[in-house]
Amino acid sequence: MSVLQLENVAKNFGDLKAIQNISYSLEEGEVLGLFGHNGAGKSTSIKLILGLLSPDEGHISVFGQAPDQKEFLNKRHQIGFLQENVSFYEQLTGLEVLMFFAKLKGFGRKQCLALLERLGLSHAINRKVGTWSKGMRQRLGLAQAMLGEPKLLLLDEPTVGLDPVATQDFYQSVAELKEQGCSVILCSHVLPGVERYIDRAAIMGKGQLLALGSLGTLRKQAKLPVRLEIEGRDLLSNLPQDVKHMLENTGDSNLENHLVLGGNSQDKMKMMQTLAAMQQVTDFQWHIPNLEDLYNHFCQPVTNREVQS
Amino acid sequence: MNALLIVAGKEYQDGLRNRWLLAIAVILALLAIGLAVFGAAAAGQSGFAPVATTIASLASLAVFIVPLIALMLAYDALVGEAENGTLLLLLTYPLSRDQLLLGKWLGHGAILATSTILGFGSAAVMMGLFSDTGWTGLIQPFLLLILSSILLGWCFIGIAYLVSAVVQEKSKAAGLALVIWLLFVLIFDMGLLGILVATGGQISGELFPWLLLLNPTDIFRLLNLQGLGGEQALTGLMSVASGGIFPAWGLIGAMLTWLLLPVSIALICFRRRAL
C-alpha cells in the first residue's frame, strides 16, 4: 500500500484554480521532489496532504485514511512537517521549543537531546532561539519534523537561507531518514544539488502536474539534447563524417581545438565511439540534461500559454 | 499528557517568562494596597479605609484594568501564531483547533487568575494584618472581588480570542482590542447615560437594568457592589439597578454567559479560519 495517494485532486479558492486534477502516489522510503514556481500549487498540495485543507474534487489518502477527517488526528504522530520560514518561539531556548513539540507527539527530553545532537545543535540548546542563526533555526525545524521518527516527512522549501555546507548536511539527514524507510516530499524552487537526493520529480505549474517520474524517465520524455564537449588538436579534421551532423555551432572559430557534439540520448553511444577513436582528444566533458534543464523544459508550455493569453 | 494541557502549560510558562504574571500581580497589588491604605484620605481620615469603601474602589479599578490586561494578554493568541508561522505547524501535530484554543484559554486564564489572587490577595492580607477590620469581615468581600475579577478577565480573554480568530494581522488585532476595551469600559455606560438624560428618563425604567447585562463590566460592578450589602456604593448608572433587581445567582449566570459566548464564537471562527 502506498504511504500517500492523490487521485484527481482539485482545489479552488474562489475563481483561482490552485490545484487541478493532480494524481500521484508515494511509496515507502521514496523521496519525491515537488518543484514549481511560486504559485504553482506546491504549498496547497502540502496543506491538502496534511489535512489542513479539504479537496474540492478527488481523493487523498495518507496511510490509508483521508487526512482531513477527525479520525486522522491520531495518525499525525507519523507525519513530520517543516515549513518555509518558520520563526518558532524566540523567547524559548532551542531545547524548550523542541520539548514543546515533542510533548505534543508524546515524546520526551531524551529524544530531543538526541535529535539536537544529531543535527549539530547541542552547543546551543540552552540559548534562546531568537539569538540563533537562520541555518540553526532551519536545523531546529528539521529536528521538530524528525520527532518520533516519522513515516512521512513533508519539507516545504527546507533549504531557503542555508549556506551550501548546511544545505548538504540537511540533504544528508534526509537521505538517512530515507534509509530508515521514511517517505519524503521535498518542495523546493532551489534546484541545484537536489537531484541526487530524490527518487522521482513532480513538476508543477499553474496548479497542474506537468511531469512526474524519475530523472531518467523525464529525460526520455523531454528528449533534451545530450552534449559532448571535446578538447584536443586537429579535432575537426579528424572528425568522422557520420557524426559531423552532430556538430553544434557554439560560435567558437577554433574548431580544431574545441568542439561540441550534440544529439539525443540514443546518440550517446555513437559519441562515445567517436571519442574513443579520436587519439587527438586531450579532455572531454559530458553535458547531460540536469533537473534545472528538465524543469525549464516542462515549465515552458505553461509559460508560453500564459504569454499567449 | 493531553494536548490541551500541554498548550496550557506552555502559555503559563510563557506568562512567567515574559514577566506578564509578575507585572499584572505587582500592578494589581500596588493599586489595591494603595487604595486600602490611602482610601480614607479622601474623607480626611488616616489609616485603612472601611472594607466596603475599599472593595467599591477596587471594583471600580478592576473594571478598567482587568479587561485591559486580559485583552493585551490574549489579543495575539492566534493571529500572532499565524504571523510567526507556528500556527500552521502546530495544526500538523496531533492537536485539534479546539484543543489549541481552549489550551491557550486555560493557560492565559491561569496567568490572570494567579496574578489577580496575588494582587488583590496581598491587599486583603495587608488589611487583615494591619487594619481593625479583622479577617472574618474581609474574606467574603475579597473572595467575591477576586473571583468576579477572574471571571471578568476570562470573559475578556474570550473576547480577545474572538478578535484574534477573525483578524489577519497582529496590529489590527491590537487596535480592535483597544476599541473593544473603550466600548465596554467607557462608551457603553456613557451611551446609556446619554440616552437616559436625552430622553429625560422617558424610557422604561424596567428596561435599563436589563441593558446593563449586555456589558460584562457592568455585571461585574453590580455583583460586587450588591455584594457589599448596602446601596450607598451604587452610583451613576449602577443606581438604575438599585433595589437588588438581579439576584447574585442571576448576575453570576449572566457573567458565565459572557464567559462562554465569546469563546464559543471564537472556536467557530477559528475552525473556519483559512491557513
# chains A, B, ... in the order shown; residues from 1 in each chain; ligands from 1
$ closest_atom_pairs --of "segment 18-63 of chain B" --to "segment 172-195 of chain B" --cutoff "12 Å" --atoms "only C-alpha atoms" --output "JSON lines"
{"residue": "B:Ser60", "atom": "CA", "partner": "B:Val185", "partner_atom": "CA", "distance": 10.4}
{"residue": "B:Leu61", "atom": "CA", "partner": "B:Val185", "partner_atom": "CA", "distance": 10.9}
{"residue": "B:Ala62", "atom": "CA", "partner": "B:Val185", "partner_atom": "CA", "distance": 10.5}
{"residue": "B:Val63", "atom": "CA", "partner": "B:Val185", "partner_atom": "CA", "distance": 7.0}
$ interface_residues --of "chain A" --to "chain B" --cutoff "7 Å" --atoms "only C-alpha atoms" --output "PyMOL selection string"
chain A and resi 50+73-74+76-77+86-88+104-105
$ write_last_selection --atoms "C-alpha atoms" --output "PDB file, in the first residue's frame"
ATOM      1  CA  LEU A  50      -1.623  17.433   5.866  1.00  0.00           C
ATOM      2  CA  LEU A  73      -5.624  13.314  14.192  1.00  0.00           C
ATOM      3  CA  ASN A  74      -4.027  10.218  15.727  1.00  0.00           C
ATOM      4  CA  ARG A  76      -0.352  12.804  12.711  1.00  0.00           C
ATOM      5  CA  HIS A  77       2.214  11.276  15.069  1.00  0.00           C
ATOM      6  CA  VAL A  86       9.078  29.227  10.455  1.00  0.00           C
ATOM      7  CA  SER A  87      10.320  31.508  13.238  1.00  0.00           C
ATOM      8  CA  PHE A  88       9.371  29.393  16.274  1.00  0.00           C
ATOM      9  CA  LEU A 104       2.533  17.065  21.587  1.00  0.00           C
ATOM     10  CA  LYS A 105       3.722  13.904  19.859  1.00  0.00           C
TER      11      LYS A 105
END
$ select_by_dssp --residues "segment 221-309 of chain A" --states "alpha helix (DSSP H)" --output "PDB file with N, CA and C atoms, in the first residue's frame"
ATOM      1  N   GLN A 221      11.375  11.576 -21.756  1.00  0.00           N
ATOM      2  CA  GLN A 221      10.169  12.308 -22.190  1.00  0.00           C
ATOM      3  C   GLN A 221      10.547  13.649 -22.815  1.00  0.00           C
ATOM      4  N   ALA A 222      11.494  14.315 -22.195  1.00  0.00           N
ATOM      5  CA  ALA A 222      11.824  15.670 -22.637  1.00  0.00           C
ATOM      6  C   ALA A 222      12.636  15.670 -23.938  1.00  0.00           C
ATOM      7  N   LEU A 235      40.934  18.429 -34.259  1.00  0.00           N
ATOM      8  CA  LEU A 235      39.676  17.715 -33.966  1.00  0.00           C
ATOM      9  C   LEU A 235      38.739  17.706 -35.176  1.00  0.00           C
ATOM     10  N   LEU A 236      38.523  18.885 -35.782  1.00  0.00           N
ATOM     11  CA  LEU A 236      37.578  18.977 -36.895  1.00  0.00           C
ATOM     12  C   LEU A 236      38.070  18.158 -38.092  1.00  0.00           C
ATOM     13  N   SER A 237      39.374  18.190 -38.328  1.00  0.00           N
ATOM     14  CA  SER A 237      39.940  17.463 -39.471  1.00  0.00           C
ATOM     15  C   SER A 237      39.743  15.958 -39.320  1.00  0.00           C
ATOM     16  N   ASN A 238      39.810  15.502 -38.080  1.00  0.00           N
ATOM     17  CA  ASN A 238      39.716  14.052 -37.837  1.00  0.00           C
ATOM     18  C   ASN A 238      38.316  13.574 -37.436  1.00  0.00           C
ATOM     19  N   LYS A 268      24.218   8.891 -27.685  1.00  0.00           N
ATOM     20  CA  LYS A 268      25.322   8.890 -26.726  1.00  0.00           C
ATOM     21  C   LYS A 268      26.393   7.848 -27.090  1.00  0.00           C
ATOM     22  N   MET A 269      25.946   6.651 -27.478  1.00  0.00           N
ATOM     23  CA  MET A 269      26.899   5.578 -27.796  1.00  0.00           C
ATOM     24  C   MET A 269      27.775   5.961 -28.982  1.00  0.00           C
ATOM     25  N   LYS A 270      27.131   6.563 -29.977  1.00  0.00           N
ATOM     26  CA  LYS A 270      27.866   6.976 -31.179  1.00  0.00           C
ATOM     27  C   LYS A 270      28.943   8.005 -30.797  1.00  0.00           C
ATOM     28  N   MET A 271      28.566   8.925 -29.947  1.00  0.00           N
ATOM     29  CA  MET A 271      29.508   9.951 -29.493  1.00  0.00           C
ATOM     30  C   MET A 271      30.673   9.307 -28.725  1.00  0.00           C
ATOM     31  N   MET A 272      30.343   8.301 -27.901  1.00  0.00           N
ATOM     32  CA  MET A 272      31.366   7.604 -27.106  1.00  0.00           C
ATOM     33  C   MET A 272      32.376   6.934 -28.031  1.00  0.00           C
ATOM     34  N   GLN A 273      31.836   6.293 -29.080  1.00  0.00           N
ATOM     35  CA  GLN A 273      32.719   5.590 -30.022  1.00  0.00           C
ATOM     36  C   GLN A 273      33.642   6.588 -30.725  1.00  0.00           C
ATOM     37  N   THR A 274      33.080   7.728 -31.105  1.00  0.00           N
ATOM     38  CA  THR A 274      33.865   8.766 -31.770  1.00  0.00           C
ATOM     39  C   THR A 274      34.983   9.224 -30.841  1.00  0.00           C
ATOM     40  N   LEU A 275      34.601   9.420 -29.592  1.00  0.00           N
ATOM     41  CA  LEU A 275      35.547   9.893 -28.587  1.00  0.00           C
ATOM     42  C   LEU A 275      36.705   8.895 -28.421  1.00  0.00           C
ATOM     43  N   ALA A 276      36.329   7.609 -28.393  1.00  0.00           N
ATOM     44  CA  ALA A 276      37.340   6.560 -28.180  1.00  0.00           C
ATOM     45  C   ALA A 276      38.279   6.456 -29.380  1.00  0.00           C
ATOM     46  N   ALA A 277      37.747   6.718 -30.571  1.00  0.00           N
ATOM     47  CA  ALA A 277      38.543   6.556 -31.792  1.00  0.00           C
ATOM     48  C   ALA A 277      39.487   7.724 -32.051  1.00  0.00           C
ATOM     49  N   LEU A 291      18.327  18.523 -13.632  1.00  0.00           N
ATOM     50  CA  LEU A 291      16.977  18.826 -13.144  1.00  0.00           C
ATOM     51  C   LEU A 291      16.525  20.218 -13.583  1.00  0.00           C
ATOM     52  N   GLU A 292      17.432  21.151 -13.554  1.00  0.00           N
ATOM     53  CA  GLU A 292      17.104  22.524 -13.941  1.00  0.00           C
ATOM     54  C   GLU A 292      16.661  22.598 -15.407  1.00  0.00           C
ATOM     55  N   ASP A 293      17.413  21.872 -16.267  1.00  0.00           N
ATOM     56  CA  ASP A 293      17.057  21.831 -17.693  1.00  0.00           C
ATOM     57  C   ASP A 293      15.665  21.208 -17.881  1.00  0.00           C
ATOM     58  N   LEU A 294      15.455  20.106 -17.166  1.00  0.00           N
ATOM     59  CA  LEU A 294      14.152  19.420 -17.281  1.00  0.00           C
ATOM     60  C   LEU A 294      13.024  20.310 -16.777  1.00  0.00           C
ATOM     61  N   TYR A 295      13.296  20.968 -15.659  1.00  0.00           N
ATOM     62  CA  TYR A 295      12.290  21.866 -15.076  1.00  0.00           C
ATOM     63  C   TYR A 295      11.924  22.973 -16.066  1.00  0.00           C
ATOM     64  N   ASN A 296      12.955  23.592 -16.639  1.00  0.00           N
ATOM     65  CA  ASN A 296      12.700  24.667 -17.604  1.00  0.00           C
ATOM     66  C   ASN A 296      11.937  24.127 -18.809  1.00  0.00           C
ATOM     67  N   HIS A 297      12.302  22.914 -19.229  1.00  0.00           N
ATOM     68  CA  HIS A 297      11.635  22.328 -20.394  1.00  0.00           C
ATOM     69  C   HIS A 297      10.143  22.108 -20.110  1.00  0.00           C
ATOM     70  N   PHE A 298       9.845  21.475 -18.972  1.00  0.00           N
ATOM     71  CA  PHE A 298       8.439  21.134 -18.707  1.00  0.00           C
ATOM     72  C   PHE A 298       7.607  22.356 -18.315  1.00  0.00           C
ATOM     73  N   CYS A 299       8.260  23.363 -17.767  1.00  0.00           N
ATOM     74  CA  CYS A 299       7.508  24.574 -17.399  1.00  0.00           C
ATOM     75  C   CYS A 299       7.259  25.476 -18.611  1.00  0.00           C
ATOM     76  N   GLN A 300       8.010  25.239 -19.670  1.00  0.00           N
ATOM     77  CA  GLN A 300       7.910  26.070 -20.874  1.00  0.00           C
ATOM     78  C   GLN A 300       6.481  26.200 -21.406  1.00  0.00           C
ATOM     79  N   PRO A 301       5.768  25.082 -21.622  1.00  0.00           N
ATOM     80  CA  PRO A 301       4.414  25.217 -22.193  1.00  0.00           C
ATOM     81  C   PRO A 301       3.508  26.104 -21.359  1.00  0.00           C
ATOM     82  N   VAL A 302       3.632  26.014 -20.039  1.00  0.00           N
ATOM     83  CA  VAL A 302       2.782  26.833 -19.173  1.00  0.00           C
ATOM     84  C   VAL A 302       3.115  28.302 -19.364  1.00  0.00           C
ATOM     85  N   THR A 303       4.430  28.589 -19.424  1.00  0.00           N
ATOM     86  CA  THR A 303       4.857  29.981 -19.594  1.00  0.00           C
ATOM     87  C   THR A 303       4.356  30.507 -20.936  1.00  0.00           C
ATOM     88  N   ASN A 304       4.466  29.663 -21.993  1.00  0.00           N
ATOM     89  CA  ASN A 304       4.004  30.090 -23.314  1.00  0.00           C
ATOM     90  C   ASN A 304       2.517  30.372 -23.322  1.00  0.00           C
ATOM     91  N   ARG A 305       1.761  29.453 -22.679  1.00  0.00           N
ATOM     92  CA  ARG A 305       0.310  29.642 -22.648  1.00  0.00           C
ATOM     93  C   ARG A 305      -0.036  30.951 -21.964  1.00  0.00           C
ATOM     94  N   GLU A 306       0.731  31.218 -20.893  1.00  0.00           N
ATOM     95  CA  GLU A 306       0.497  32.434 -20.119  1.00  0.00           C
ATOM     96  C   GLU A 306       0.729  33.666 -21.005  1.00  0.00           C
ATOM     97  N   VAL A 307       1.810  33.610 -21.819  1.00  0.00           N
ATOM     98  CA  VAL A 307       2.149  34.740 -22.692  1.00  0.00           C
ATOM     99  C   VAL A 307       1.054  34.943 -23.734  1.00  0.00           C
ATOM    100  N   GLN A 308       0.575  33.795 -24.297  1.00  0.00           N
ATOM    101  CA  GLN A 308      -0.450  33.900 -25.336  1.00  0.00           C
ATOM    102  C   GLN A 308      -1.759  34.462 -24.807  1.00  0.00           C
TER     103      GLN A 308
END
$ residues_around --residues "Leu31 of chain B" --least-positions-apart "2" --cutoff "9 Å" --atoms "only C-alpha atoms" --output "list of chain:residue names"
B:Val26, B:Ile27, B:Leu28, B:Ala29, B:Ile33, B:Gly34, B:Leu35, B:Ala36, B:Leu58, B:Leu61, B:Gly119, B:Phe120, B:Ala123
$ write_last_selection --atoms "C-alpha atoms" --output "short mmCIF file (atom, residue, chain, number, x, y, z; two decimals), in the first residue's frame"
data_model
loop_
_atom_site.label_atom_id
_atom_site.label_comp_id
_atom_site.auth_asym_id
_atom_site.auth_seq_id
_atom_site.Cartn_x
_atom_site.Cartn_y
_atom_site.Cartn_z
CA VAL B 26 2.50 43.85 41.02
CA ILE B 27 0.23 46.40 39.31
CA LEU B 28 -2.89 44.98 40.99
CA ALA B 29 -1.15 44.70 44.36
CA ILE B 33 -2.79 48.24 48.70
CA GLY B 34 -2.70 51.92 47.78
CA LEU B 35 -6.49 52.12 47.79
CA ALA B 36 -6.73 50.16 51.04
CA LEU B 58 -11.14 48.19 43.91
CA LEU B 61 -10.45 50.00 39.43
CA GLY B 119 -2.50 41.20 43.55
CA PHE B 120 -5.84 41.64 45.32
CA ALA B 123 -4.30 43.89 49.80
#
$ closest_residue --among "B:Leu212, B:Ile55, B:Ala165, B:Ile157" --to "Leu71 of chain B" --atoms "only C-alpha atoms"
B:Ile157
$ residues_around --residues "Asn254 of chain A" --least-positions-apart "3" --cutoff "10 Å" --atoms "only C-alpha atoms" --output "mmCIF file with N, CA, C and O atoms, in the first residue's frame"
data_model
loop_
_atom_site.group_PDB
_atom_site.id
_atom_site.type_symbol
_atom_site.label_atom_id
_atom_site.label_comp_id
_atom_site.auth_asym_id
_atom_site.auth_seq_id
_atom_site.Cartn_x
_atom_site.Cartn_y
_atom_site.Cartn_z
ATOM 1 N N ARG A 233 43.575 18.508 -30.428
ATOM 2 C CA ARG A 233 44.157 19.172 -31.606
ATOM 3 C C ARG A 233 43.677 18.444 -32.855
ATOM 4 O O ARG A 233 43.360 17.253 -32.800
ATOM 5 N N ASP A 234 43.608 19.184 -33.942
ATOM 6 C CA ASP A 234 43.127 18.673 -35.242
ATOM 7 C C ASP A 234 41.804 17.926 -35.095
ATOM 8 O O ASP A 234 41.578 16.879 -35.727
ATOM 9 N N LEU A 235 40.934 18.429 -34.259
ATOM 10 C CA LEU A 235 39.676 17.715 -33.966
ATOM 11 C C LEU A 235 38.739 17.706 -35.176
ATOM 12 O O LEU A 235 38.232 16.652 -35.580
ATOM 13 N N LEU A 236 38.523 18.885 -35.782
ATOM 14 C CA LEU A 236 37.578 18.977 -36.895
ATOM 15 C C LEU A 236 38.070 18.158 -38.092
ATOM 16 O O LEU A 236 37.273 17.465 -38.751
ATOM 17 N N GLY A 251 29.831 29.142 -31.866
ATOM 18 C CA GLY A 251 30.398 30.467 -32.125
ATOM 19 C C GLY A 251 31.910 30.474 -31.992
ATOM 20 O O GLY A 251 32.563 31.482 -32.212
ATOM 21 N N ASN A 257 40.554 22.804 -32.042
ATOM 22 C CA ASN A 257 40.974 22.597 -30.638
ATOM 23 C C ASN A 257 39.816 22.393 -29.662
ATOM 24 O O ASN A 257 40.012 21.859 -28.562
ATOM 25 N N HIS A 258 38.629 22.830 -30.074
ATOM 26 C CA HIS A 258 37.484 22.727 -29.131
ATOM 27 C C HIS A 258 36.185 22.630 -29.927
ATOM 28 O O HIS A 258 35.879 23.500 -30.747
ATOM 29 N N LEU A 259 35.462 21.562 -29.727
ATOM 30 C CA LEU A 259 34.167 21.447 -30.424
ATOM 31 C C LEU A 259 33.133 20.760 -29.530
ATOM 32 O O LEU A 259 33.483 20.088 -28.548
#
$ residues_around --residues "Arg97 of chain B" --least-positions-apart "6" --cutoff "9 Å" --atoms "only C-alpha atoms" --output "list in words"
Leu91, Leu267, Phe270 and Arg271 of chain B
$ select_by_dssp --residues "segment 88-287 of chain A" --states "strand (DSSP E)" --output "ChimeraX atom specification"
/A:152-156,183-188,200-205,208-213,226-232,258-263,281-287
$ closest_residue --among "A:Met1, A:Leu115, A:Ala40, A:Leu92" --to "Glu11 of chain B" --atoms "only C-alpha atoms"
A:Leu92
$ residues_around --residues "segment 172-178 of chain A" --least-positions-apart "5" --cutoff "8 Å" --atoms "only C-alpha atoms" --output "list in words"
Gly29, Glu30, Val31, Ser183, Val184 and Tyr197 of chain A
$ write_last_selection --atoms "all heavy atoms" --output "mmCIF file, in the first residue's frame"
data_model
loop_
_atom_site.group_PDB
_atom_site.id
_atom_site.type_symbol
_atom_site.label_atom_id
_atom_site.label_comp_id
_atom_site.auth_asym_id
_atom_site.auth_seq_id
_atom_site.Cartn_x
_atom_site.Cartn_y
_atom_site.Cartn_z
ATOM 1 N N GLY A 29 9.794 4.783 1.819
ATOM 2 C CA GLY A 29 11.230 5.016 1.602
ATOM 3 C C GLY A 29 11.538 5.791 0.340
ATOM 4 O O GLY A 29 12.692 5.882 -0.064
ATOM 5 N N GLU A 30 10.520 6.379 -0.271
ATOM 6 C CA GLU A 30 10.743 7.123 -1.521
ATOM 7 C C GLU A 30 10.858 8.622 -1.228
ATOM 8 O O GLU A 30 10.166 9.145 -0.362
ATOM 9 C CB GLU A 30 9.565 6.886 -2.479
ATOM 10 C CG GLU A 30 9.796 7.503 -3.843
ATOM 11 C CD GLU A 30 8.600 7.344 -4.786
ATOM 12 O OE1 GLU A 30 7.480 7.090 -4.294
ATOM 13 O OE2 GLU A 30 8.794 7.492 -5.997
ATOM 14 N N VAL A 31 11.731 9.291 -1.979
ATOM 15 C CA VAL A 31 11.831 10.747 -1.872
ATOM 16 C C VAL A 31 11.314 11.349 -3.177
ATOM 17 O O VAL A 31 11.847 11.069 -4.257
ATOM 18 C CB VAL A 31 13.283 11.204 -1.619
ATOM 19 C CG1 VAL A 31 13.341 12.735 -1.534
ATOM 20 C CG2 VAL A 31 13.834 10.600 -0.338
ATOM 21 N N SER A 183 9.243 8.082 4.020
ATOM 22 C CA SER A 183 8.913 8.651 2.701
ATOM 23 C C SER A 183 8.963 10.172 2.821
ATOM 24 O O SER A 183 8.520 10.724 3.823
ATOM 25 C CB SER A 183 7.510 8.225 2.279
ATOM 26 O OG SER A 183 7.394 6.827 2.379
ATOM 27 N N VAL A 184 9.494 10.804 1.808
ATOM 28 C CA VAL A 184 9.722 12.251 1.907
ATOM 29 C C VAL A 184 9.171 12.971 0.683
ATOM 30 O O VAL A 184 9.348 12.517 -0.449
ATOM 31 C CB VAL A 184 11.240 12.562 2.022
ATOM 32 C CG1 VAL A 184 11.478 14.060 2.202
ATOM 33 C CG2 VAL A 184 11.875 11.782 3.171
ATOM 34 N N TYR A 197 19.330 13.468 -4.394
ATOM 35 C CA TYR A 197 18.639 13.002 -3.185
ATOM 36 C C TYR A 197 17.200 12.567 -3.447
ATOM 37 O O TYR A 197 16.519 12.120 -2.548
ATOM 38 C CB TYR A 197 18.656 14.100 -2.117
ATOM 39 C CG TYR A 197 20.052 14.427 -1.651
ATOM 40 C CD1 TYR A 197 20.718 15.549 -2.106
ATOM 41 C CD2 TYR A 197 20.728 13.567 -0.785
ATOM 42 C CE1 TYR A 197 22.001 15.839 -1.697
ATOM 43 C CE2 TYR A 197 22.021 13.839 -0.375
ATOM 44 C CZ TYR A 197 22.659 14.987 -0.835
ATOM 45 O OH TYR A 197 23.930 15.246 -0.444
#
$ residues_around --residues "segment 57-69 of chain A" --least-positions-apart "2" --cutoff "8 Å" --atoms "only C-alpha atoms" --output "list of chain:residue names"
A:Met1, A:Ser2, A:Val3, A:Leu4, A:Gln5, A:Leu6, A:Glu7, A:Asn8, A:Val9, A:Ala10, A:Lys11, A:Asn21, A:Leu48, A:Ile49, A:Leu50, A:Gly51, A:Leu52, A:Leu53, A:Ser54, A:Pro55, A:Glu71, A:Phe72, A:Leu73, A:Lys75
$ write_last_selection --atoms "N, CA, C and O atoms" --output "tab-separated table (two decimals), in the first residue's frame"
chain	number	residue	atom	x	y	z
A	1	MET	N	0.85	-1.21	0.00
A	1	MET	CA	0.00	0.00	0.00
A	1	MET	C	0.88	1.26	0.00
A	1	MET	O	1.86	1.32	0.74
A	2	SER	N	0.50	2.23	-0.82
A	2	SER	CA	1.27	3.48	-0.87
A	2	SER	C	1.10	4.26	0.44
A	2	SER	O	0.05	4.19	1.07
A	3	VAL	N	2.13	4.96	0.81
A	3	VAL	CA	2.04	5.82	2.00
A	3	VAL	C	1.07	6.96	1.73
A	3	VAL	O	0.27	7.36	2.58
A	4	LEU	N	1.15	7.43	0.50
A	4	LEU	CA	0.33	8.59	0.10
A	4	LEU	C	-0.23	8.37	-1.29
A	4	LEU	O	0.47	7.86	-2.17
A	5	GLN	N	-1.48	8.76	-1.46
A	5	GLN	CA	-2.12	8.59	-2.77
A	5	GLN	C	-3.02	9.80	-3.04
A	5	GLN	O	-3.89	10.12	-2.23
A	6	LEU	N	-2.78	10.46	-4.14
A	6	LEU	CA	-3.67	11.55	-4.57
A	6	LEU	C	-4.31	11.13	-5.88
A	6	LEU	O	-3.61	10.71	-6.81
A	7	GLU	N	-5.64	11.22	-5.93
A	7	GLU	CA	-6.34	10.81	-7.15
A	7	GLU	C	-7.22	11.96	-7.64
A	7	GLU	O	-8.17	12.35	-6.97
A	8	ASN	N	-6.88	12.49	-8.79
A	8	ASN	CA	-7.66	13.55	-9.45
A	8	ASN	C	-8.05	14.67	-8.50
A	8	ASN	O	-9.21	15.10	-8.46
A	9	VAL	N	-7.11	15.12	-7.74
A	9	VAL	CA	-7.40	16.12	-6.71
A	9	VAL	C	-7.46	17.53	-7.31
A	9	VAL	O	-6.62	17.91	-8.12
A	10	ALA	N	-8.48	18.27	-6.91
A	10	ALA	CA	-8.61	19.67	-7.34
A	10	ALA	C	-8.96	20.52	-6.13
A	10	ALA	O	-9.68	20.07	-5.22
A	11	LYS	N	-8.41	21.72	-6.09
A	11	LYS	CA	-8.74	22.66	-5.01
A	11	LYS	C	-8.82	24.07	-5.59
A	11	LYS	O	-7.91	24.53	-6.28
A	21	ASN	N	-6.76	18.54	-10.96
A	21	ASN	CA	-6.63	17.15	-11.43
A	21	ASN	C	-5.24	16.54	-11.19
A	21	ASN	O	-4.62	16.03	-12.10
A	48	LEU	N	-3.07	20.11	1.61
A	48	LEU	CA	-4.09	19.08	1.37
A	48	LEU	C	-3.63	17.74	1.95
A	48	LEU	O	-4.41	17.03	2.58
A	49	ILE	N	-2.36	17.43	1.77
A	49	ILE	CA	-1.83	16.16	2.28
A	49	ILE	C	-1.86	16.15	3.82
A	49	ILE	O	-2.13	15.14	4.45
A	50	LEU	N	-1.62	17.33	4.41
A	50	LEU	CA	-1.62	17.43	5.87
A	50	LEU	C	-3.04	17.48	6.45
A	50	LEU	O	-3.21	17.43	7.66
A	51	GLY	N	-4.03	17.61	5.57
A	51	GLY	CA	-5.41	17.67	6.04
A	51	GLY	C	-5.81	19.05	6.53
A	51	GLY	O	-6.86	19.22	7.15
A	52	LEU	N	-4.98	20.06	6.26
A	52	LEU	CA	-5.32	21.42	6.67
A	52	LEU	C	-6.31	22.04	5.70
A	52	LEU	O	-6.96	23.04	6.00
A	53	LEU	N	-6.39	21.48	4.51
A	53	LEU	CA	-7.40	21.87	3.52
A	53	LEU	C	-8.10	20.60	3.05
A	53	LEU	O	-7.51	19.51	3.09
A	54	SER	N	-9.34	20.76	2.59
A	54	SER	CA	-10.05	19.61	2.03
A	54	SER	C	-10.14	19.78	0.51
A	54	SER	O	-10.37	20.89	0.03
A	55	PRO	N	-9.95	18.71	-0.23
A	55	PRO	CA	-10.03	18.86	-1.70
A	55	PRO	C	-11.47	19.12	-2.14
A	55	PRO	O	-12.42	18.65	-1.52
A	71	GLU	N	-10.70	11.64	12.49
A	71	GLU	CA	-10.04	10.41	12.95
A	71	GLU	C	-8.55	10.41	12.59
A	71	GLU	O	-7.77	9.64	13.15
A	72	PHE	N	-8.17	11.26	11.64
A	72	PHE	CA	-6.78	11.27	11.18
A	72	PHE	C	-5.84	11.89	12.21
A	72	PHE	O	-4.63	11.71	12.14
A	73	LEU	N	-6.42	12.61	13.18
A	73	LEU	CA	-5.62	13.31	14.19
A	73	LEU	C	-4.57	12.40	14.82
A	73	LEU	O	-3.43	12.80	15.04
A	75	LYS	N	-3.12	9.86	13.50
A	75	LYS	CA	-2.09	9.44	12.54
A	75	LYS	C	-1.02	10.51	12.37
A	75	LYS	O	0.01	10.28	11.75
$ closest_residue --among "B:Leu207, B:Ala77, B:Ile117, B:Leu144" --to "Ala59 of chain B" --atoms "only C-alpha atoms"
B:Leu144
$ closest_residue --among "B:Leu213, B:Leu112, B:Ala266, B:Leu145" --to "Ala254 of chain B" --atoms "only C-alpha atoms"
B:Leu213
